[in-house]
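Colleague: This one is entry_17.cif, mmCIF, N, CA and C atoms.
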data_start
loop_
_atom_site.label_atom_id
_atom_site.label_comp_id
_atom_site.auth_asym_id
_atom_site.auth_seq_id
_atom_site.Cartn_x
_atom_site.Cartn_y
_atom_site.Cartn_z
N MET A 36 275.53 93.97 98.49
CA MET A 36 276.09 92.71 98.08
C MET A 36 277.13 92.90 96.97
N LYS A 37 277.46 94.13 96.71
CA LYS A 37 278.39 94.44 95.65
C LYS A 37 279.78 93.86 95.91
N ASN A 38 280.21 93.84 97.17
CA ASN A 38 281.56 93.41 97.51
C ASN A 38 281.63 91.96 97.98
N THR A 39 280.57 91.21 97.80
CA THR A 39 280.60 89.83 98.25
C THR A 39 281.48 88.99 97.32
N VAL A 40 282.09 87.98 97.93
CA VAL A 40 282.95 87.07 97.18
C VAL A 40 282.23 85.74 97.07
N LYS A 41 282.21 85.19 95.88
CA LYS A 41 281.60 83.87 95.71
C LYS A 41 282.48 82.85 96.41
N PHE A 42 281.82 81.86 97.02
CA PHE A 42 282.57 80.84 97.75
C PHE A 42 283.60 80.15 96.86
N LYS A 43 283.22 79.87 95.62
CA LYS A 43 284.12 79.21 94.68
C LYS A 43 285.40 80.03 94.49
N ASP A 44 285.24 81.33 94.38
CA ASP A 44 286.41 82.20 94.21
C ASP A 44 287.22 82.27 95.49
N TYR A 45 286.53 82.33 96.62
CA TYR A 45 287.21 82.35 97.93
C TYR A 45 288.03 81.07 98.11
N LEU A 46 287.41 79.93 97.81
CA LEU A 46 288.10 78.65 97.98
C LEU A 46 289.30 78.56 97.05
N LYS A 47 289.15 78.99 95.83
CA LYS A 47 290.26 78.99 94.87
C LYS A 47 291.44 79.77 95.41
N GLU A 48 291.15 80.90 96.01
CA GLU A 48 292.21 81.74 96.58
C GLU A 48 292.84 81.07 97.81
N GLU A 49 292.02 80.51 98.68
CA GLU A 49 292.52 79.86 99.89
C GLU A 49 293.37 78.63 99.57
N LEU A 50 293.03 77.92 98.49
CA LEU A 50 293.78 76.72 98.12
C LEU A 50 295.19 77.02 97.64
N LYS A 51 295.50 78.27 97.46
CA LYS A 51 296.87 78.68 97.12
C LYS A 51 297.79 78.57 98.34
N ASN A 52 297.18 78.61 99.53
CA ASN A 52 297.92 78.46 100.78
C ASN A 52 298.19 76.97 101.01
N LYS A 53 299.47 76.58 101.09
CA LYS A 53 299.84 75.17 101.19
C LYS A 53 299.24 74.49 102.41
N GLU A 54 299.24 75.13 103.55
CA GLU A 54 298.69 74.52 104.77
C GLU A 54 297.18 74.33 104.66
N PHE A 55 296.50 75.33 104.12
CA PHE A 55 295.06 75.23 103.93
C PHE A 55 294.74 74.10 102.96
N LYS A 56 295.48 74.03 101.85
CA LYS A 56 295.24 73.00 100.84
C LYS A 56 295.46 71.61 101.43
N LYS A 57 296.49 71.45 102.22
CA LYS A 57 296.78 70.16 102.86
C LYS A 57 295.62 69.75 103.76
N ALA A 58 295.16 70.65 104.60
CA ALA A 58 294.04 70.36 105.51
C ALA A 58 292.75 70.10 104.74
N PHE A 59 292.50 70.89 103.71
CA PHE A 59 291.30 70.73 102.89
C PHE A 59 291.28 69.37 102.21
N ASN A 60 292.39 68.96 101.63
CA ASN A 60 292.47 67.68 100.94
C ASN A 60 292.28 66.51 101.90
N GLU A 61 292.83 66.61 103.09
CA GLU A 61 292.66 65.55 104.09
C GLU A 61 291.20 65.45 104.52
N GLU A 62 290.57 66.56 104.78
CA GLU A 62 289.16 66.56 105.17
C GLU A 62 288.28 65.99 104.07
N GLU A 63 288.62 66.30 102.82
CA GLU A 63 287.83 65.82 101.69
C GLU A 63 287.87 64.30 101.60
N ILE A 64 288.99 63.70 101.92
CA ILE A 64 289.11 62.23 101.89
C ILE A 64 288.16 61.61 102.89
N TYR A 65 288.20 62.09 104.12
CA TYR A 65 287.34 61.52 105.17
C TYR A 65 285.86 61.75 104.88
N ALA A 66 285.54 62.94 104.43
CA ALA A 66 284.14 63.25 104.12
C ALA A 66 283.65 62.38 102.97
N SER A 67 284.48 62.21 101.97
CA SER A 67 284.11 61.39 100.82
C SER A 67 283.86 59.94 101.23
N LEU A 68 284.72 59.39 102.08
CA LEU A 68 284.53 58.01 102.55
C LEU A 68 283.20 57.86 103.28
N ALA A 69 282.89 58.81 104.14
CA ALA A 69 281.65 58.74 104.90
C ALA A 69 280.43 58.83 103.98
N ILE A 70 280.47 59.74 103.04
CA ILE A 70 279.36 59.93 102.11
C ILE A 70 279.18 58.71 101.22
N GLN A 71 280.30 58.18 100.71
CA GLN A 71 280.22 56.97 99.88
C GLN A 71 279.63 55.80 100.67
N THR A 72 280.06 55.64 101.90
CA THR A 72 279.56 54.55 102.74
C THR A 72 278.05 54.66 102.89
N ALA A 73 277.58 55.83 103.26
CA ALA A 73 276.14 56.03 103.45
C ALA A 73 275.37 55.83 102.15
N ASN A 74 275.89 56.38 101.06
CA ASN A 74 275.20 56.25 99.77
C ASN A 74 275.10 54.81 99.30
N ILE A 75 276.18 54.07 99.40
CA ILE A 75 276.16 52.66 98.97
C ILE A 75 275.20 51.86 99.84
N ARG A 76 275.27 52.09 101.15
CA ARG A 76 274.38 51.36 102.06
C ARG A 76 272.93 51.64 101.71
N GLN A 77 272.60 52.90 101.48
CA GLN A 77 271.22 53.28 101.16
C GLN A 77 270.80 52.74 99.80
N GLU A 78 271.69 52.78 98.81
CA GLU A 78 271.36 52.25 97.48
C GLU A 78 271.04 50.75 97.55
N LYS A 79 271.72 50.06 98.46
CA LYS A 79 271.50 48.62 98.61
C LYS A 79 270.30 48.33 99.51
N GLY A 80 269.70 49.37 100.07
CA GLY A 80 268.54 49.18 100.94
C GLY A 80 268.89 48.53 102.26
N ILE A 81 270.10 48.79 102.74
CA ILE A 81 270.58 48.20 103.99
C ILE A 81 270.50 49.25 105.10
N THR A 82 269.98 48.87 106.24
CA THR A 82 269.96 49.78 107.39
C THR A 82 271.34 49.79 108.05
N GLN A 83 271.55 50.79 108.88
CA GLN A 83 272.79 50.83 109.65
C GLN A 83 272.90 49.60 110.54
N GLU A 84 271.80 49.17 111.10
CA GLU A 84 271.81 47.97 111.96
C GLU A 84 272.22 46.73 111.18
N GLU A 85 271.68 46.58 109.95
CA GLU A 85 272.04 45.42 109.14
C GLU A 85 273.52 45.45 108.76
N LEU A 86 274.01 46.62 108.39
CA LEU A 86 275.43 46.73 108.05
C LEU A 86 276.28 46.42 109.28
N ALA A 87 275.85 46.88 110.42
CA ALA A 87 276.57 46.59 111.66
C ALA A 87 276.67 45.09 111.90
N LYS A 88 275.59 44.37 111.65
CA LYS A 88 275.62 42.91 111.80
C LYS A 88 276.63 42.29 110.85
N ARG A 89 276.65 42.77 109.62
CA ARG A 89 277.61 42.25 108.63
C ARG A 89 279.05 42.51 109.04
N LEU A 90 279.26 43.63 109.74
CA LEU A 90 280.59 44.01 110.19
C LEU A 90 280.93 43.46 111.57
N HIS A 91 279.95 42.82 112.20
CA HIS A 91 280.11 42.32 113.58
C HIS A 91 280.47 43.46 114.53
N THR A 92 279.68 44.52 114.43
CA THR A 92 279.89 45.69 115.27
C THR A 92 278.53 46.27 115.64
N THR A 93 278.50 47.49 116.11
CA THR A 93 277.26 48.12 116.55
C THR A 93 276.76 49.14 115.52
N GLN A 94 275.49 49.47 115.63
CA GLN A 94 274.90 50.50 114.77
C GLN A 94 275.60 51.84 115.00
N GLN A 95 275.99 52.10 116.25
CA GLN A 95 276.67 53.36 116.57
C GLN A 95 278.00 53.47 115.81
N THR A 96 278.69 52.34 115.65
CA THR A 96 279.95 52.34 114.91
C THR A 96 279.70 52.66 113.44
N VAL A 97 278.65 52.07 112.87
CA VAL A 97 278.30 52.37 111.48
C VAL A 97 277.94 53.84 111.35
N SER A 98 277.22 54.38 112.30
CA SER A 98 276.87 55.79 112.29
C SER A 98 278.14 56.65 112.28
N ARG A 99 279.13 56.27 113.07
CA ARG A 99 280.40 57.01 113.08
C ARG A 99 281.11 56.91 111.74
N LEU A 100 281.04 55.73 111.10
CA LEU A 100 281.67 55.57 109.78
C LEU A 100 281.02 56.46 108.74
N GLU A 101 279.76 56.80 108.95
CA GLU A 101 279.04 57.67 108.02
C GLU A 101 279.07 59.14 108.43
N ASP A 102 279.82 59.46 109.47
CA ASP A 102 279.96 60.83 109.94
C ASP A 102 281.12 61.49 109.19
N THR A 103 280.85 62.59 108.51
CA THR A 103 281.88 63.25 107.70
C THR A 103 283.04 63.80 108.54
N HIS A 104 282.87 63.88 109.84
CA HIS A 104 283.94 64.38 110.71
C HIS A 104 284.77 63.25 111.31
N ASN A 105 284.38 62.01 111.03
CA ASN A 105 285.08 60.84 111.56
C ASN A 105 286.44 60.68 110.89
N LYS A 106 287.44 60.43 111.69
CA LYS A 106 288.80 60.24 111.15
C LYS A 106 289.39 58.92 111.64
N SER A 107 288.52 57.96 111.95
CA SER A 107 289.02 56.71 112.51
C SER A 107 289.06 55.58 111.48
N TYR A 108 288.95 55.91 110.20
CA TYR A 108 289.06 54.89 109.18
C TYR A 108 290.48 54.32 109.16
N SER A 109 290.57 53.01 109.07
CA SER A 109 291.85 52.36 108.84
C SER A 109 291.70 51.52 107.58
N LEU A 110 292.80 51.08 107.02
CA LEU A 110 292.73 50.24 105.84
C LEU A 110 291.96 48.96 106.14
N LYS A 111 292.18 48.41 107.32
CA LYS A 111 291.47 47.20 107.73
C LYS A 111 289.96 47.45 107.77
N THR A 112 289.56 48.59 108.30
CA THR A 112 288.13 48.95 108.36
C THR A 112 287.56 49.08 106.96
N LEU A 113 288.30 49.72 106.08
CA LEU A 113 287.83 49.91 104.71
C LEU A 113 287.67 48.57 103.98
N ILE A 114 288.59 47.66 104.19
CA ILE A 114 288.50 46.33 103.57
C ILE A 114 287.26 45.61 104.08
N ARG A 115 287.04 45.62 105.39
CA ARG A 115 285.87 44.97 105.98
C ARG A 115 284.58 45.61 105.46
N LEU A 116 284.58 46.93 105.36
CA LEU A 116 283.41 47.66 104.89
C LEU A 116 283.11 47.31 103.43
N ALA A 117 284.14 47.26 102.60
CA ALA A 117 283.95 46.91 101.19
C ALA A 117 283.34 45.52 101.06
N ARG A 118 283.85 44.58 101.83
CA ARG A 118 283.30 43.22 101.78
C ARG A 118 281.85 43.20 102.23
N ALA A 119 281.55 43.90 103.30
CA ALA A 119 280.19 43.93 103.84
C ALA A 119 279.21 44.56 102.86
N LEU A 120 279.69 45.49 102.05
CA LEU A 120 278.84 46.16 101.07
C LEU A 120 278.94 45.52 99.68
N ASP A 121 279.66 44.42 99.61
CA ASP A 121 279.84 43.69 98.35
C ASP A 121 280.44 44.60 97.28
N LYS A 122 281.49 45.31 97.69
CA LYS A 122 282.20 46.23 96.79
C LYS A 122 283.69 45.90 96.80
N ARG A 123 284.37 46.35 95.77
CA ARG A 123 285.83 46.27 95.74
C ARG A 123 286.38 47.56 96.31
N LEU A 124 287.54 47.48 96.89
CA LEU A 124 288.20 48.67 97.43
C LEU A 124 289.42 48.96 96.58
N LYS A 125 289.53 50.21 96.16
CA LYS A 125 290.69 50.63 95.38
C LYS A 125 291.30 51.82 96.10
N VAL A 126 292.55 51.66 96.49
CA VAL A 126 293.29 52.74 97.15
C VAL A 126 294.47 53.07 96.25
N GLU A 127 294.60 54.32 95.90
CA GLU A 127 295.70 54.69 95.03
C GLU A 127 296.17 56.10 95.33
N PHE A 128 297.43 56.35 95.01
CA PHE A 128 297.98 57.68 95.10
C PHE A 128 297.81 58.35 93.74
N ILE A 129 297.33 59.58 93.76
CA ILE A 129 297.15 60.29 92.49
C ILE A 129 297.84 61.63 92.55
#
Please express what this file holds, its structure, as structure tokens.
Modeller:
Amino acid sequence: MKNTVKFKDYLKEELKNKEFKKAFNEEEIYASLAIQTANIRQEKGITQEELAKRLHTTQQTVSRLEDTHNKSYSLKTLIRLARALDKRLKVEFI
């Protein structure tokens, strides 16, 4: 294990590559949205089915919104989701 590279160091090196960094940052946005959605829903004690009813959609759709590989978020979806979870939505460029 003498020559092993820590993931943190590997990632730091990979992020120097512009294409990798671009893809990594995009994936992080989608994964973060999915994780936040699931966490807020769970903190509020709401099931996927109940959230689906609030959104006038299906439980399967809510499950997809909580999937870190999902890339079908739209601004309209995020606004509806924020309202259904009784949250404000803040979108900004940083």
Colleague: Name the residues of stretch 66-121 of chain A that fall into alpha helix (DSSP H) according to DSSP on the backbone, using the chain letters and numbers of this document, as a PyMOL selection string.
Modeller: chain A and resi 66-78+83-90+94-100+110-119
Colleague: What is the distance, in Å and to one decimal place, between atom N of A:Ala73 and atom N of A:Gln94?
Modeller: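 Computing the Euclidean distance for atom N of A:Ala73 and atom N of A:Gln94 yields 14.1 Å.
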Colleague: Hey, what's within 8 Å of A:Leu68 if we count only N, CA and C atoms and toss same-chain stuff fewer than 6 positions away? As a PyMOL selection string, please?
Modeller: chain A and resi 62+74+100-103
Colleague: Identify which of the residues A:Asp44, A:Ala58, A:His91, A:Leu124 lies closest to A:Leu110, counting only C-alpha atoms when measuring atom-to-atom distances.
Modeller: A:Leu124
Colleague: Between atom CA of A:Glu63 and atom N of A:Ser109, what distance in Å does the model show, to one decimal?
Modeller: 15.0 Å
Colleague: From the set A:Asn60, A:Lys41, A:Tyr65, A:Glu48, which residue has the shortest atom-to-atom contact distance to A:Ser107, counting only N, CA and C atoms?
Modeller: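 For A:Ser107, the nearest of the given residues is A:Tyr65.
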Colleague: Give me the residues within 12 Å of stretch 81-90 of chain A as JSON, numbers by chain, counting only C-alpha atoms and dropping any in the same chain fewer than 3 places off.
Modeller: {"A": [72, 73, 74, 75, 76, 77, 78, 93, 94, 95, 96, 97, 98, 99, 100, 101, 111, 112, 113, 114, 115, 116, 117, 118, 119, 120, 121]}
Colleague: Between atom CA of A:Ala69 and atom N of A:His104, what is the distance in Å, rounded to a tenth?
Modeller: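 Separating atom CA of A:Ala69 from atom N of A:His104 is a distance of 7.2 Å.
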Colleague: Output requested as a JSON list (two decimals), in the frame of the given file - stretch 112-123 of chain A, filled out with all heavy atoms.
Modeller:
[["chain", "number", "residue", "atom", "x", "y", "z"],
["A", 112, "THR", "N", 289.56, 48.59, 108.30],
["A", 112, "THR", "CA", 288.13, 48.95, 108.36],
["A", 112, "THR", "C", 287.56, 49.08, 106.96],
["A", 112, "THR", "O", 286.47, 48.60, 106.68],
["A", 112, "THR", "CB", 287.93, 50.27, 109.13],
["A", 112, "THR", "OG1", 288.41, 50.10, 110.47],
["A", 112, "THR", "CG2", 286.48, 50.69, 109.16],
["A", 113, "LEU", "N", 288.30, 49.72, 106.08],
["A", 113, "LEU", "CA", 287.83, 49.91, 104.71],
["A", 113, "LEU", "C", 287.67, 48.57, 103.98],
["A", 113, "LEU", "O", 286.71, 48.38, 103.23],
["A", 113, "LEU", "CB", 288.78, 50.82, 103.94],
["A", 113, "LEU", "CG", 288.80, 52.28, 104.38],
["A", 113, "LEU", "CD1", 289.91, 53.04, 103.67],
["A", 113, "LEU", "CD2", 287.45, 52.94, 104.14],
["A", 114, "ILE", "N", 288.59, 47.66, 104.19],
["A", 114, "ILE", "CA", 288.50, 46.33, 103.57],
["A", 114, "ILE", "C", 287.26, 45.61, 104.08],
["A", 114, "ILE", "O", 286.49, 45.04, 103.30],
["A", 114, "ILE", "CB", 289.78, 45.52, 103.83],
["A", 114, "ILE", "CG1", 290.95, 46.13, 103.06],
["A", 114, "ILE", "CG2", 289.59, 44.05, 103.46],
["A", 114, "ILE", "CD1", 292.31, 45.60, 103.46],
["A", 115, "ARG", "N", 287.04, 45.62, 105.39],
["A", 115, "ARG", "CA", 285.87, 44.97, 105.98],
["A", 115, "ARG", "C", 284.58, 45.61, 105.46],
["A", 115, "ARG", "O", 283.60, 44.93, 105.15],
["A", 115, "ARG", "CB", 285.93, 45.05, 107.50],
["A", 115, "ARG", "CG", 287.00, 44.17, 108.11],
["A", 115, "ARG", "CD", 287.07, 44.27, 109.63],
["A", 115, "ARG", "NE", 285.79, 43.94, 110.23],
["A", 115, "ARG", "CZ", 285.22, 44.65, 111.19],
["A", 115, "ARG", "NH1", 285.79, 45.72, 111.68],
["A", 115, "ARG", "NH2", 284.06, 44.29, 111.69],
["A", 116, "LEU", "N", 284.58, 46.93, 105.36],
["A", 116, "LEU", "CA", 283.41, 47.66, 104.89],
["A", 116, "LEU", "C", 283.11, 47.31, 103.43],
["A", 116, "LEU", "O", 281.96, 47.08, 103.06],
["A", 116, "LEU", "CB", 283.66, 49.15, 105.06],
["A", 116, "LEU", "CG", 282.51, 50.11, 104.88],
["A", 116, "LEU", "CD1", 281.32, 49.74, 105.75],
["A", 116, "LEU", "CD2", 282.97, 51.53, 105.19],
["A", 117, "ALA", "N", 284.14, 47.26, 102.60],
["A", 117, "ALA", "CA", 283.95, 46.91, 101.19],
["A", 117, "ALA", "C", 283.34, 45.52, 101.06],
["A", 117, "ALA", "O", 282.40, 45.31, 100.30],
["A", 117, "ALA", "CB", 285.29, 46.98, 100.45],
["A", 118, "ARG", "N", 283.85, 44.58, 101.83],
["A", 118, "ARG", "CA", 283.30, 43.22, 101.78],
["A", 118, "ARG", "C", 281.85, 43.20, 102.23],
["A", 118, "ARG", "O", 281.01, 42.54, 101.62],
["A", 118, "ARG", "CB", 284.13, 42.29, 102.67],
["A", 118, "ARG", "CG", 285.47, 41.92, 102.09],
["A", 118, "ARG", "CD", 286.20, 40.94, 102.97],
["A", 118, "ARG", "NE", 287.54, 40.70, 102.46],
["A", 118, "ARG", "CZ", 288.58, 40.49, 103.22],
["A", 118, "ARG", "NH1", 288.47, 40.47, 104.53],
["A", 118, "ARG", "NH2", 289.76, 40.28, 102.67],
["A", 119, "ALA", "N", 281.55, 43.90, 103.30],
["A", 119, "ALA", "CA", 280.19, 43.93, 103.84],
["A", 119, "ALA", "C", 279.21, 44.56, 102.86],
["A", 119, "ALA", "O", 278.03, 44.21, 102.85],
["A", 119, "ALA", "CB", 280.16, 44.67, 105.18],
["A", 120, "LEU", "N", 279.69, 45.49, 102.05],
["A", 120, "LEU", "CA", 278.84, 46.16, 101.07],
["A", 120, "LEU", "C", 278.94, 45.52, 99.68],
["A", 120, "LEU", "O", 278.38, 46.02, 98.72],
["A", 120, "LEU", "CB", 279.21, 47.65, 100.98],
["A", 120, "LEU", "CG", 278.89, 48.48, 102.22],
["A", 120, "LEU", "CD1", 279.53, 49.87, 102.12],
["A", 120, "LEU", "CD2", 277.39, 48.59, 102.43],
["A", 121, "ASP", "N", 279.66, 44.42, 99.61],
["A", 121, "ASP", "CA", 279.84, 43.69, 98.35],
["A", 121, "ASP", "C", 280.44, 44.60, 97.28],
["A", 121, "ASP", "O", 279.97, 44.68, 96.15],
["A", 121, "ASP", "CB", 278.53, 43.08, 97.87],
["A", 121, "ASP", "CG", 278.74, 42.03, 96.78],
["A", 121, "ASP", "OD1", 279.79, 41.35, 96.81],
["A", 121, "ASP", "OD2", 277.86, 41.90, 95.92],
["A", 122, "LYS", "N", 281.49, 45.31, 97.69],
["A", 122, "LYS", "CA", 282.20, 46.23, 96.79],
["A", 122, "LYS", "C", 283.69, 45.90, 96.80],
["A", 122, "LYS", "O", 284.19, 45.26, 97.72],
["A", 122, "LYS", "CB", 282.02, 47.68, 97.25],
["A", 122, "LYS", "CG", 280.63, 48.22, 97.10],
["A", 122, "LYS", "CD", 280.32, 48.45, 95.66],
["A", 122, "LYS", "CE", 278.98, 49.11, 95.45],
["A", 122, "LYS", "NZ", 278.73, 49.38, 94.04],
["A", 123, "ARG", "N", 284.37, 46.35, 95.77],
["A", 123, "ARG", "CA", 285.83, 46.27, 95.74],
["A", 123, "ARG", "C", 286.38, 47.56, 96.31],
["A", 123, "ARG", "O", 285.75, 48.62, 96.19],
["A", 123, "ARG", "CB", 286.33, 46.09, 94.31],
["A", 123, "ARG", "CG", 285.98, 44.73, 93.72],
["A", 123, "ARG", "CD", 286.50, 44.53, 92.31],
["A", 123, "ARG", "NE", 287.88, 44.92, 92.15],
["A", 123, "ARG", "CZ", 288.31, 45.79, 91.21],
["A", 123, "ARG", "NH1", 287.47, 46.33, 90.36],
["A", 123, "ARG", "NH2", 289.59, 46.10, 91.12]]
